[in-house]
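All remarks here apply to the structure that follows.
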Amino acid sequence: MNKPIVVSIADMQISDNPNDTLVTYSLGSCIAVVLYHPYIKIGGMLHVMLPDSTIDRSEIINPFKYVDLGVPLLFKNMFKLGCKRGSLITSIVGGSNVMDNNNFFNIGERNYQAIRKMLWRNNVIINKEDVGGSKSRTVRLFLETGKVVVSNAKEEYEL
Amino acid sequence: MITLNDIVQAIEFLPAFNKNAQKALELIRSDNYTNKKLAEIIKLDASLTANILKVSNSALYAKPKHVYDISTAISLLGKQQIFSILSLISTQDYFSNLFDGYEVHKGELWEHNLSVAVLTENLAYLEKDIDKTILFTAGLLHDIGKIILSIWVKKEADRIDYLVENEGMDFISAEQSVLGFTHSDIGASILKHWNLPKEIISSAKHHHDNKLFNDPIVRLVTLSDFLSFTMGFLAQKDNMYMKSYDQVLQYYNIKTKDVEKMIADNIDSVLTTINEFKLIDKG
């Protein structure tokens with residue numbers, strides 16, 4: 001097994017090596033979009049932070065910060081490697097909220113809704129998901145098997 | 001329960017804070033500060049000098065020319081930046097272990113602290129009349145108590161988790177209830193022991209209890225702490241269960257959209273700083 005490929009915050013990684021594992025650590029309100037092609041064993045993972053890039057005032061925008069820019073790029077790059085839309089397994093993980101008394105800061109929920117809307121509009125079905133709540137998540141994709149494993153300080157489970 | 005004596009011993013057992021760095025930090029905040037005096041103190045300490053030059057030439061402070069001597073570094077960066085750099089290089093080593101009472105992977109606590117440091121400094125515009133020199137350091141050291149309390153939190157993890165999950169207690173109250181101390185109390189004691197400025201001590205002591213809410217630096221550190229957690233730093237363990245942020249968010253009248261904007265505006269500088277001061281690669 002190779003050393004895991006780390007997907008940082010606001011980052012995307014893709015691999016077509018079945019010995020690889022993609023991992024992203026500590027998703028709070030951020031969301032990981034995980035794509036996997038079960039026959040050719042190509043996997044991609046995106047770690048986005050925010051729903052909408054229109055709030056970004058910087059000159060050069062890192063597209064992987066945002067759902068609206070990052071998700072299409074992840075799909076495009078998977079397509080470039082020969083993946084077809086219908087054959088990809090799509091998993092969504094993360095989108096939790098820091099617990100506050102009035103449950104007011106729902107960035108996690110907004111991220112999730114933005115992704116759902118975008119995928120729905122493009123006829124992509126979400127096959128597996130583990131979102132919401134007040135917990136943090138680390139997510140791994142094993143390219144050999146396509147297993148998506150979610151963990152935190154207390155538990156570990158396969159989606 | 002831990003005794004006060006346990007804590008005192010643990011603090012004394014910590015490696016001493018670099019004396020020259022301490023002197024330099026004091027000088028920067030004193031009335032008889034000059035660049036020359038600062039250079040004289042730093043020059044006495046070869047490793048401090050080398051580290052400051054290294055940071056001065058890093059991607060963080062991209063300079064047209066390579067900086068070779070400390071006097072040039074001081075005049076190029078200014079005393080505020082030098083204060084931040086001094087704090088960084090003299091505290092980084094304290095965070096080099098795994099503090100598994102609070103983090104799953106080594107380096108997460110450090111990254112959280114760095115992100116709070118950058119955010120506290122970047123958000124200074126929210127306050128008027130504030131001493132910007134110490135903002136970065138106040139953020140950087142707000143959680144220093146965790147380096148000592150970690151072993152006890154780890155030992156009592158079951159009881160603490162029980163209170164959080166079944167009694168609806170937030171993490172800091174559970175610390176207090178099970179251990180008799182919080183990481184805020186202990187952080188303040190460490191910083192006092194190191195003779196650091198009182199505003200920095202206050203930020204460590206009060207970033208969860210809203211008791212010193214009239215102090216703008218405490219407010220900024222508290223807000224930055226919330227933002228860092230929301231970004232996902234140190235999201236593995238305690239922080240998703242902290243209820244102490246309501247007051248600061250109301251004070252600044254911050255809504256979800258504002259939080260998103262603050263994340264968007266600041267994440268690049270946070271990530272650059274984290275990259276520059278990485279402890280280890282997570283594997």
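Ordering of the structure tokens sets the chain letters (A, B, ...); residue numbers start at 1 within each chain; ligands are numbered from 1 in the order shown.
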**Request:** With a distance cut-off of 8 Å and only C-alpha atoms, select the neighbouring residues of segment 114-130 of chain A, excluding the residue or stretch itself and same-chain residues fewer than 5 positions from it, and output the selection as an MDAnalysis selection string.
**Result:** chainID A and resid 51 67:68 71 85:86 89:94 159
Once you have the residues from the selection above, write them out as a short mmCIF file (atom, residue, chain, number, x, y, z; two decimals), in the first residue's frame, restricted to N, CA and C atoms.
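Saved to selection36.cif:
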```
data_model
loop_
_atom_site.label_atom_id
_atom_site.label_comp_id
_atom_site.auth_asym_id
_atom_site.auth_seq_id
_atom_site.Cartn_x
_atom_site.Cartn_y
_atom_site.Cartn_z
N PRO A 51 -20.11 27.31 0.00
CA PRO A 51 -21.02 27.01 -1.10
C PRO A 51 -20.77 27.83 -2.37
N VAL A 67 -17.98 25.10 -3.65
CA VAL A 67 -18.80 24.08 -4.28
C VAL A 67 -19.02 24.42 -5.75
N ASP A 68 -19.41 25.66 -6.03
CA ASP A 68 -19.84 26.01 -7.40
C ASP A 68 -18.71 25.90 -8.42
N VAL A 71 -16.71 21.47 -7.63
CA VAL A 71 -17.38 20.22 -8.01
C VAL A 71 -17.32 19.98 -9.53
N ARG A 85 -19.99 9.68 -16.77
CA ARG A 85 -20.83 10.16 -15.69
C ARG A 85 -21.59 9.04 -14.96
N GLY A 86 -22.26 8.20 -15.75
CA GLY A 86 -23.14 7.19 -15.16
C GLY A 86 -22.41 6.10 -14.41
N ILE A 89 -19.31 6.33 -8.85
CA ILE A 89 -19.98 6.25 -7.56
C ILE A 89 -19.67 7.53 -6.78
N THR A 90 -20.71 8.23 -6.38
CA THR A 90 -20.55 9.53 -5.74
C THR A 90 -20.86 9.46 -4.25
N SER A 91 -19.90 9.90 -3.43
CA SER A 91 -20.12 9.95 -1.98
C SER A 91 -19.92 11.38 -1.48
N ILE A 92 -20.72 11.76 -0.52
CA ILE A 92 -20.64 13.10 0.07
C ILE A 92 -20.46 12.93 1.58
N VAL A 93 -19.40 13.57 2.13
CA VAL A 93 -19.11 13.41 3.55
C VAL A 93 -18.79 14.77 4.18
N GLY A 94 -19.27 15.00 5.40
CA GLY A 94 -18.90 16.23 6.12
C GLY A 94 -20.11 17.12 6.39
N LEU A 159 -18.87 3.49 4.51
CA LEU A 159 -20.15 3.99 3.98
C LEU A 159 -20.76 2.96 3.06
#
```
What are the residues of chain A lining chain B at 10 Å or less? Count only C-alpha atoms, and put the answer as a CSV table (one decimal) with C-alpha atoms, in the first residue's frame.
```
chain,number,residue,atom,x,y,z
A,3,LYS,CA,1.6,6.3,1.4
A,4,PRO,CA,-1.9,8.0,1.5
A,5,ILE,CA,-2.4,11.0,-0.8
A,6,VAL,CA,-3.6,13.8,1.4
A,8,SER,CA,-5.7,19.4,2.0
A,9,ILE,CA,-8.3,22.0,2.8
A,10,ALA,CA,-9.6,23.6,-0.5
A,23,VAL,CA,-7.5,10.9,2.5
A,25,TYR,CA,-8.6,15.1,7.5
A,26,SER,CA,-11.0,16.8,9.9
A,27,LEU,CA,-13.9,18.0,7.9
A,28,GLY,CA,-15.9,20.4,10.0
A,29,SER,CA,-18.4,22.3,8.0
A,30,CYS,CA,-16.4,21.5,4.9
A,49,MET,CA,-15.2,24.9,2.3
A,50,LEU,CA,-17.9,27.2,1.1
A,51,PRO,CA,-21.0,27.0,-1.1
A,52,ASP,CA,-20.6,30.0,-3.4
A,53,SER,CA,-17.5,31.7,-4.9
A,54,THR,CA,-19.3,35.0,-5.6
A,55,ILE,CA,-18.2,36.2,-2.1
A,56,ASP,CA,-14.5,35.9,-3.0
A,57,ARG,CA,-12.8,39.2,-3.6
A,58,SER,CA,-9.3,37.9,-4.4
A,61,ILE,CA,-9.5,32.4,-6.8
A,62,ASN,CA,-8.7,28.8,-5.7
A,65,LYS,CA,-12.6,26.4,-1.9
A,66,TYR,CA,-16.1,26.5,-3.4
A,96,SER,CA,-21.4,19.4,10.2
A,97,ASN,CA,-22.0,22.5,12.2
A,98,VAL,CA,-20.3,23.9,15.3
A,99,MET,CA,-22.9,23.5,17.9
A,100,ASP,CA,-24.2,26.8,19.1
A,101,ASN,CA,-27.3,27.4,21.2
A,102,ASN,CA,-29.5,28.7,18.4
A,104,PHE,CA,-27.6,29.7,13.6
A,105,PHE,CA,-24.4,29.0,11.7
A,106,ASN,CA,-25.3,26.3,9.3
A,107,ILE,CA,-22.5,26.6,6.8
A,108,GLY,CA,-22.2,22.8,6.7
A,110,ARG,CA,-25.5,25.2,3.2
A,133,GLY,CA,-24.5,16.7,13.0
A,134,SER,CA,-21.8,18.2,15.2
A,135,LYS,CA,-19.1,15.8,14.5
A,136,SER,CA,-15.9,15.9,12.7
A,137,ARG,CA,-14.9,13.4,10.0
A,138,THR,CA,-11.8,12.1,8.3
A,151,SER,CA,-13.5,8.1,11.0
A,152,ASN,CA,-13.1,10.5,13.9
A,153,ALA,CA,-11.7,10.3,17.4
A,154,LYS,CA,-14.3,7.8,18.5
```
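Surrounding segment 146-158 of chain B within 8 Å are Ile7, Ala10, Ile11, Tyr94, Phe95, Phe99, Asp100, Gly101, Tyr102, Asp143, Ile144, Ile160, Asp161, Tyr162, Glu175, Val178, Leu179, Thr182, His183, Ile186 and Gly187 of chain B, with only C-alpha atoms counted and residues fewer than 2 positions along the same chain left out.
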**Request:** Enter the distance from atom CA of Phe142 of chain A to atom CA of Met78 of chain A, in Å, rounded to one decimal.
**Result:** 16.3 Å
**Message:** Going by DSSP on the backbone, which residues of segment 53-261 of chain B come out as helix (DSSP H, G or I)? List them as number ranges by chain.
**Reply:** B: 53-56, 59-61, 70-95, 108-126, 132-140, 146-155, 157-166, 171-179, 183-193, 198-206, 216-231, 239-241, 246-251, 256-261
Output for the residues just chosen: C-alpha atoms as a short mmCIF file (atom, residue, chain, number, x, y, z; two decimals), in the first residue's frame:
```
data_model
loop_
_atom_site.label_atom_id
_atom_site.label_comp_id
_atom_site.auth_asym_id
_atom_site.auth_seq_id
_atom_site.Cartn_x
_atom_site.Cartn_y
_atom_site.Cartn_z
CA LEU B 53 16.38 35.13 9.13
CA LYS B 54 14.90 31.88 7.87
CA VAL B 55 11.36 33.09 8.46
CA SER B 56 12.16 36.53 7.03
CA ALA B 59 7.27 32.73 1.37
CA LEU B 60 5.36 34.54 4.12
CA TYR B 61 7.31 37.74 3.73
CA ILE B 70 19.19 40.76 11.59
CA SER B 71 19.22 44.58 11.45
CA THR B 72 17.97 44.51 7.88
CA ALA B 73 15.30 41.97 8.82
CA ILE B 74 14.08 44.19 11.63
CA SER B 75 13.89 47.31 9.53
CA LEU B 76 12.20 45.48 6.63
CA LEU B 77 9.62 43.61 8.70
CA GLY B 78 9.03 46.06 11.52
CA LYS B 79 8.67 45.32 15.20
CA GLN B 80 5.13 43.96 14.99
CA GLN B 81 6.15 41.17 12.59
CA ILE B 82 9.30 40.47 14.57
CA PHE B 83 7.17 40.10 17.71
CA SER B 84 5.03 37.48 15.94
CA ILE B 85 8.03 35.65 14.52
CA LEU B 86 9.78 35.58 17.91
CA SER B 87 6.68 34.09 19.53
CA LEU B 88 6.35 31.53 16.77
CA ILE B 89 9.88 30.23 16.84
CA SER B 90 10.14 30.19 20.61
CA THR B 91 6.89 28.26 21.14
CA GLN B 92 6.78 25.87 18.16
CA ASP B 93 8.77 23.18 19.96
CA TYR B 94 6.26 23.02 22.82
CA PHE B 95 3.71 21.71 20.33
CA GLU B 108 -3.55 19.48 14.61
CA LEU B 109 -3.34 21.52 17.80
CA TRP B 110 -0.45 23.51 16.35
CA GLU B 111 -2.36 24.17 13.12
CA HIS B 112 -5.37 25.31 15.09
CA ASN B 113 -3.19 27.71 17.08
CA LEU B 114 -1.54 29.07 13.94
CA SER B 115 -4.91 29.63 12.31
CA VAL B 116 -6.23 31.49 15.36
CA ALA B 117 -3.05 33.60 15.37
CA VAL B 118 -3.45 34.60 11.72
CA LEU B 119 -7.19 35.22 12.11
CA THR B 120 -6.79 37.33 15.27
CA GLU B 121 -4.30 39.54 13.48
CA ASN B 122 -6.31 39.72 10.26
CA LEU B 123 -9.55 40.63 12.05
CA ALA B 124 -8.03 43.62 13.87
CA TYR B 125 -10.13 45.87 11.64
CA LEU B 126 -13.18 44.91 13.73
CA LYS B 132 -1.84 45.15 16.99
CA THR B 133 1.64 44.05 18.07
CA ILE B 134 0.45 41.23 20.26
CA LEU B 135 -2.61 40.00 18.35
CA PHE B 136 -0.84 37.19 16.51
CA THR B 137 0.80 35.96 19.70
CA ALA B 138 -2.42 36.18 21.74
CA GLY B 139 -4.06 33.91 19.17
CA LEU B 140 -1.07 31.61 18.92
CA LYS B 146 -3.75 22.02 26.33
CA ILE B 147 -0.12 20.89 26.13
CA ILE B 148 -0.27 20.20 29.86
CA LEU B 149 -3.88 19.21 30.35
CA SER B 150 -3.84 16.76 27.44
CA ILE B 151 -2.62 13.73 29.40
CA TRP B 152 -5.37 14.19 32.01
CA VAL B 153 -8.05 14.78 29.41
CA LYS B 154 -6.92 11.61 27.67
CA LYS B 155 -7.03 9.66 30.93
CA ALA B 157 -11.79 10.88 28.21
CA ASP B 158 -14.66 8.51 29.01
CA ARG B 159 -16.04 10.66 31.81
CA ILE B 160 -15.60 13.89 29.84
CA ASP B 161 -17.24 12.41 26.75
CA TYR B 162 -20.10 11.10 28.86
CA LEU B 163 -20.88 14.57 30.19
CA VAL B 164 -20.68 16.09 26.72
CA GLU B 165 -22.78 13.46 25.02
CA ASN B 166 -25.32 12.62 27.69
CA PHE B 171 -16.33 20.50 26.48
CA ILE B 172 -14.81 23.21 28.65
CA SER B 173 -17.43 22.71 31.39
CA ALA B 174 -16.77 18.99 31.27
CA GLU B 175 -13.04 19.67 31.74
CA GLN B 176 -13.84 21.78 34.77
CA SER B 177 -16.26 19.26 36.18
CA VAL B 178 -14.09 16.16 35.77
CA LEU B 179 -10.59 17.56 36.24
CA HIS B 183 -7.11 24.36 29.64
CA SER B 184 -7.83 28.10 29.90
CA ASP B 185 -6.77 28.27 33.57
CA ILE B 186 -3.63 26.29 32.93
CA GLY B 187 -2.75 28.26 29.80
CA ALA B 188 -2.88 31.46 31.80
CA SER B 189 -0.58 29.97 34.45
CA ILE B 190 1.98 28.90 31.85
CA LEU B 191 2.03 32.32 30.21
CA LYS B 192 2.37 34.03 33.58
CA HIS B 193 5.28 31.72 34.34
CA LYS B 198 -1.04 40.39 30.51
CA GLU B 199 -3.27 40.78 27.42
CA ILE B 200 -1.88 37.50 26.10
CA ILE B 201 -2.54 35.84 29.45
CA SER B 202 -6.11 37.19 29.45
CA SER B 203 -6.83 35.77 26.02
CA ALA B 204 -5.74 32.32 27.16
CA LYS B 205 -7.73 32.56 30.37
CA HIS B 206 -10.96 34.01 29.05
CA PRO B 216 -11.05 43.73 22.55
CA ILE B 217 -8.16 41.27 22.26
CA VAL B 218 -10.08 38.58 24.14
CA ARG B 219 -13.05 39.20 21.84
CA LEU B 220 -10.93 38.84 18.71
CA VAL B 221 -9.28 35.65 19.95
CA THR B 222 -12.66 34.17 20.86
CA LEU B 223 -14.10 34.97 17.45
CA SER B 224 -11.00 33.58 15.72
CA ASP B 225 -11.23 30.41 17.77
CA PHE B 226 -14.79 29.90 16.52
CA LEU B 227 -13.78 30.59 12.92
CA SER B 228 -10.85 28.19 13.11
CA PHE B 229 -13.12 25.40 14.34
CA THR B 230 -15.65 26.17 11.63
CA MET B 231 -12.86 25.91 9.06
CA ASN B 239 -14.55 21.94 19.62
CA MET B 240 -17.76 21.05 17.90
CA TYR B 241 -19.20 21.04 21.40
CA ASP B 246 -22.76 33.06 21.14
CA GLN B 247 -21.90 36.26 22.95
CA VAL B 248 -18.98 37.21 20.73
CA LEU B 249 -20.93 36.44 17.56
CA GLN B 250 -23.78 38.61 18.75
CA TYR B 251 -21.39 41.37 19.76
CA THR B 256 -23.76 32.88 8.51
CA LYS B 257 -22.94 34.95 5.41
CA ASP B 258 -20.38 36.97 7.36
CA VAL B 259 -18.74 33.81 8.64
CA GLU B 260 -18.47 32.56 5.06
CA LYS B 261 -16.96 35.86 3.98
#
```
